[in-house]
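S.K.: Handing you this structure, nothing more for now.
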Amino acid sequence: MLKLSKRVEYALLAAQEMAMRPTETISANEIAERYSISQALVAKVLQQLGRHGIAKSYAGVNGGYMLERPAGSITIAEIIRIIEGASPAIVDCHAADDHDCSARSTCTIREPLAILQDRINATFASMTVEELASPQQKFVQLEVL
């Protein structure tokens with residue numbers, strides 16, 4: 001099953017918090033305490049977001065991080081790429097390193113799964129941090145057959 005790493009989860013939580021409080025600086029410690037997660041890992045992902053122009057850091061007693069760009073201009077795909085270096089692949093043959101597969105010549109699911117991978121990537125690219133931060137946002141749930 002497709003699963004985002006803890007680093008991506010923490011980066012999304014941090015981005016959501018910054019989007020919900022756009023005029024305040026937020027520290028890694030505040031985020032870690034609020035969600036009972038690792039402060040060290042939150043600090044690392046905030047630094048990564050800072051290096052890539054998503055968050056801006058402020059030093060001092062009231063220091064912390066704020067979004068550097070509008071939340072509506074930051075996609076989930078962008079955050080995943082910053083943290084992981086690539087979009088998550090649903091199967092090894094769709095990973096960025098193009099995993100060597102012994103069944104490649106006879107595989108009948110590679111192309112259909114490539115279409116599914118493209119749809120997943122498009123979903124990540126279409127959803128923004130602003131949507132994560134909007135508590136009134138109503139998401140359409142897909143019916144599982």
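Residues in the structure tokens are numbered from 1 in each chain, the chains being A, B, ... in the order shown, and ligands are numbered from 1 in the order shown.
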List every residue of segment 7-103 of chain A that DSSP, applied to the backbone of this structure, assigns to alpha helix (DSSP H), and report them as a ChimeraX atom specification.

M.R.: /A:7-20,28-35,39-51,76-84

S.K.: Can you tell me, as a ChimeraX atom specification, what residues are no more than 12 Å from Ile37 of chain A when counting only C-alpha atoms, ignoring any on the same chain fewer than 4 positions away?

M.R.: /A:6-7,9-11,13-14,28-33,41-43

S.K.: Of the residues A:Ser87, A:Ser5, A:Ser73, A:Ser27, which is the one nearest to Phe124 of chain A, using only C-alpha atoms?

M.R.: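 The shortest atom-to-atom distance to Phe124 of chain A comes from A:Ser87.
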
S.K.: Neighbours of Thr128 of chain A within 12 Å (only C-alpha atoms; same-chain residues fewer than 5 positions away dropped), as a PyMOL selection string?

M.R.: chain A and resi 12+15-16+19+69-80+122-123+133-134+137

S.K.: Put those residues in a file: N, CA and C atoms, as a PDB file, in the first residue's frame.

M.R.:
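Result saved to part-v1.pdb:
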ATOM      1  N   LEU A  12       3.974  17.896   6.365  1.00  0.00           N
ATOM      2  CA  LEU A  12       2.603  18.309   6.053  1.00  0.00           C
ATOM      3  C   LEU A  12       1.923  18.904   7.286  1.00  0.00           C
ATOM      4  N   ALA A  15       3.423  22.365   7.725  1.00  0.00           N
ATOM      5  CA  ALA A  15       2.888  23.287   6.714  1.00  0.00           C
ATOM      6  C   ALA A  15       1.446  23.657   7.035  1.00  0.00           C
ATOM      7  N   GLN A  16       0.667  22.691   7.468  1.00  0.00           N
ATOM      8  CA  GLN A  16      -0.722  22.946   7.853  1.00  0.00           C
ATOM      9  C   GLN A  16      -0.784  23.933   9.012  1.00  0.00           C
ATOM     10  N   ALA A  19       0.027  27.375   7.849  1.00  0.00           N
ATOM     11  CA  ALA A  19      -1.065  27.918   7.038  1.00  0.00           C
ATOM     12  C   ALA A  19      -2.238  28.355   7.911  1.00  0.00           C
ATOM     13  N   ARG A  69       5.466  31.435   1.183  1.00  0.00           N
ATOM     14  CA  ARG A  69       4.563  31.645   0.047  1.00  0.00           C
ATOM     15  C   ARG A  69       3.131  31.404   0.498  1.00  0.00           C
ATOM     16  N   PRO A  70       2.158  31.879  -0.269  1.00  0.00           N
ATOM     17  CA  PRO A  70       0.762  31.597   0.077  1.00  0.00           C
ATOM     18  C   PRO A  70       0.501  30.087   0.111  1.00  0.00           C
ATOM     19  N   ALA A  71      -0.274  29.655   1.081  1.00  0.00           N
ATOM     20  CA  ALA A  71      -0.572  28.231   1.245  1.00  0.00           C
ATOM     21  C   ALA A  71      -1.222  27.635   0.003  1.00  0.00           C
ATOM     22  N   GLY A  72      -1.977  28.426  -0.719  1.00  0.00           N
ATOM     23  CA  GLY A  72      -2.637  27.940  -1.926  1.00  0.00           C
ATOM     24  C   GLY A  72      -1.696  27.708  -3.091  1.00  0.00           C
ATOM     25  N   SER A  73      -0.456  28.163  -2.959  1.00  0.00           N
ATOM     26  CA  SER A  73       0.514  27.967  -4.046  1.00  0.00           C
ATOM     27  C   SER A  73       1.499  26.833  -3.751  1.00  0.00           C
ATOM     28  N   ILE A  74       1.320  26.179  -2.624  1.00  0.00           N
ATOM     29  CA  ILE A  74       2.222  25.090  -2.223  1.00  0.00           C
ATOM     30  C   ILE A  74       1.460  23.773  -2.325  1.00  0.00           C
ATOM     31  N   THR A  75       1.920  22.882  -3.183  1.00  0.00           N
ATOM     32  CA  THR A  75       1.216  21.614  -3.357  1.00  0.00           C
ATOM     33  C   THR A  75       1.802  20.523  -2.466  1.00  0.00           C
ATOM     34  N   ILE A  76       0.990  19.520  -2.239  1.00  0.00           N
ATOM     35  CA  ILE A  76       1.427  18.357  -1.472  1.00  0.00           C
ATOM     36  C   ILE A  76       2.578  17.679  -2.229  1.00  0.00           C
ATOM     37  N   ALA A  77       2.480  17.626  -3.540  1.00  0.00           N
ATOM     38  CA  ALA A  77       3.542  17.017  -4.359  1.00  0.00           C
ATOM     39  C   ALA A  77       4.869  17.738  -4.155  1.00  0.00           C
ATOM     40  N   GLU A  78       4.831  19.050  -4.069  1.00  0.00           N
ATOM     41  CA  GLU A  78       6.049  19.823  -3.863  1.00  0.00           C
ATOM     42  C   GLU A  78       6.701  19.475  -2.525  1.00  0.00           C
ATOM     43  N   ILE A  79       5.900  19.367  -1.494  1.00  0.00           N
ATOM     44  CA  ILE A  79       6.437  19.025  -0.176  1.00  0.00           C
ATOM     45  C   ILE A  79       7.015  17.607  -0.192  1.00  0.00           C
ATOM     46  N   ILE A  80       6.322  16.682  -0.820  1.00  0.00           N
ATOM     47  CA  ILE A  80       6.834  15.310  -0.913  1.00  0.00           C
ATOM     48  C   ILE A  80       8.183  15.299  -1.629  1.00  0.00           C
ATOM     49  N   ALA A 122      -0.971  13.177  -9.875  1.00  0.00           N
ATOM     50  CA  ALA A 122      -1.813  14.325 -10.221  1.00  0.00           C
ATOM     51  C   ALA A 122      -2.627  14.786  -9.008  1.00  0.00           C
ATOM     52  N   THR A 123      -3.074  13.846  -8.182  1.00  0.00           N
ATOM     53  CA  THR A 123      -3.815  14.202  -6.978  1.00  0.00           C
ATOM     54  C   THR A 123      -2.923  14.965  -6.014  1.00  0.00           C
ATOM     55  N   ALA A 133      -5.292  23.063   5.522  1.00  0.00           N
ATOM     56  CA  ALA A 133      -5.519  23.972   6.647  1.00  0.00           C
ATOM     57  C   ALA A 133      -6.959  24.430   6.788  1.00  0.00           C
ATOM     58  N   SER A 134      -7.801  24.079   5.854  1.00  0.00           N
ATOM     59  CA  SER A 134      -9.177  24.549   5.882  1.00  0.00           C
ATOM     60  C   SER A 134     -10.081  23.532   6.566  1.00  0.00           C
ATOM     61  N   GLN A 137     -13.204  22.484   4.775  1.00  0.00           N
ATOM     62  CA  GLN A 137     -13.047  21.816   3.488  1.00  0.00           C
ATOM     63  C   GLN A 137     -13.756  20.464   3.536  1.00  0.00           C
TER      64      GLN A 137
END

S.K.: Return the single residue from A:Arg110, A:Gln48, A:Ser126, A:Arg104 that is closest to Gly85 of chain A, with distances computed using only C-alpha atoms.

M.R.: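 Closest candidate: A:Gln48.
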
S.K.: Leaving out Thr25 of chain A and any residue of its chain fewer than 4 positions from it, which residues lie within 6 Å of it when counting only C-alpha atoms, given as a ChimeraX atom specification?

M.R.: /A:64-66

S.K.: Would you export the selected residues with N, CA and C atoms as an mmCIF file, in the first residue's frame, please?

M.R.:
data_model
loop_
_atom_site.group_PDB
_atom_site.id
_atom_site.type_symbol
_atom_site.label_atom_id
_atom_site.label_comp_id
_atom_site.auth_asym_id
_atom_site.auth_seq_id
_atom_site.Cartn_x
_atom_site.Cartn_y
_atom_site.Cartn_z
ATOM 1 N N GLY A 64 10.774 31.290 15.060
ATOM 2 C CA GLY A 64 10.072 30.104 14.583
ATOM 3 C C GLY A 64 10.007 30.145 13.077
ATOM 4 N N TYR A 65 8.966 29.566 12.532
ATOM 5 C CA TYR A 65 8.785 29.481 11.087
ATOM 6 C C TYR A 65 7.429 30.014 10.680
ATOM 7 N N MET A 66 7.388 30.540 9.461
ATOM 8 C CA MET A 66 6.148 30.963 8.811
ATOM 9 C C MET A 66 6.243 30.523 7.355
#

S.K.: Ranking A:Ile115, A:Ala40, A:Ile82, A:Cys107 by minimum distance to Ala55 of chain A and counting only C-alpha atoms, which one comes first?

M.R.: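 Of A:Ile115, A:Ala40, A:Ile82, A:Cys107, the one nearest Ala55 of chain A, counting only C-alpha atoms, is A:Ile82.
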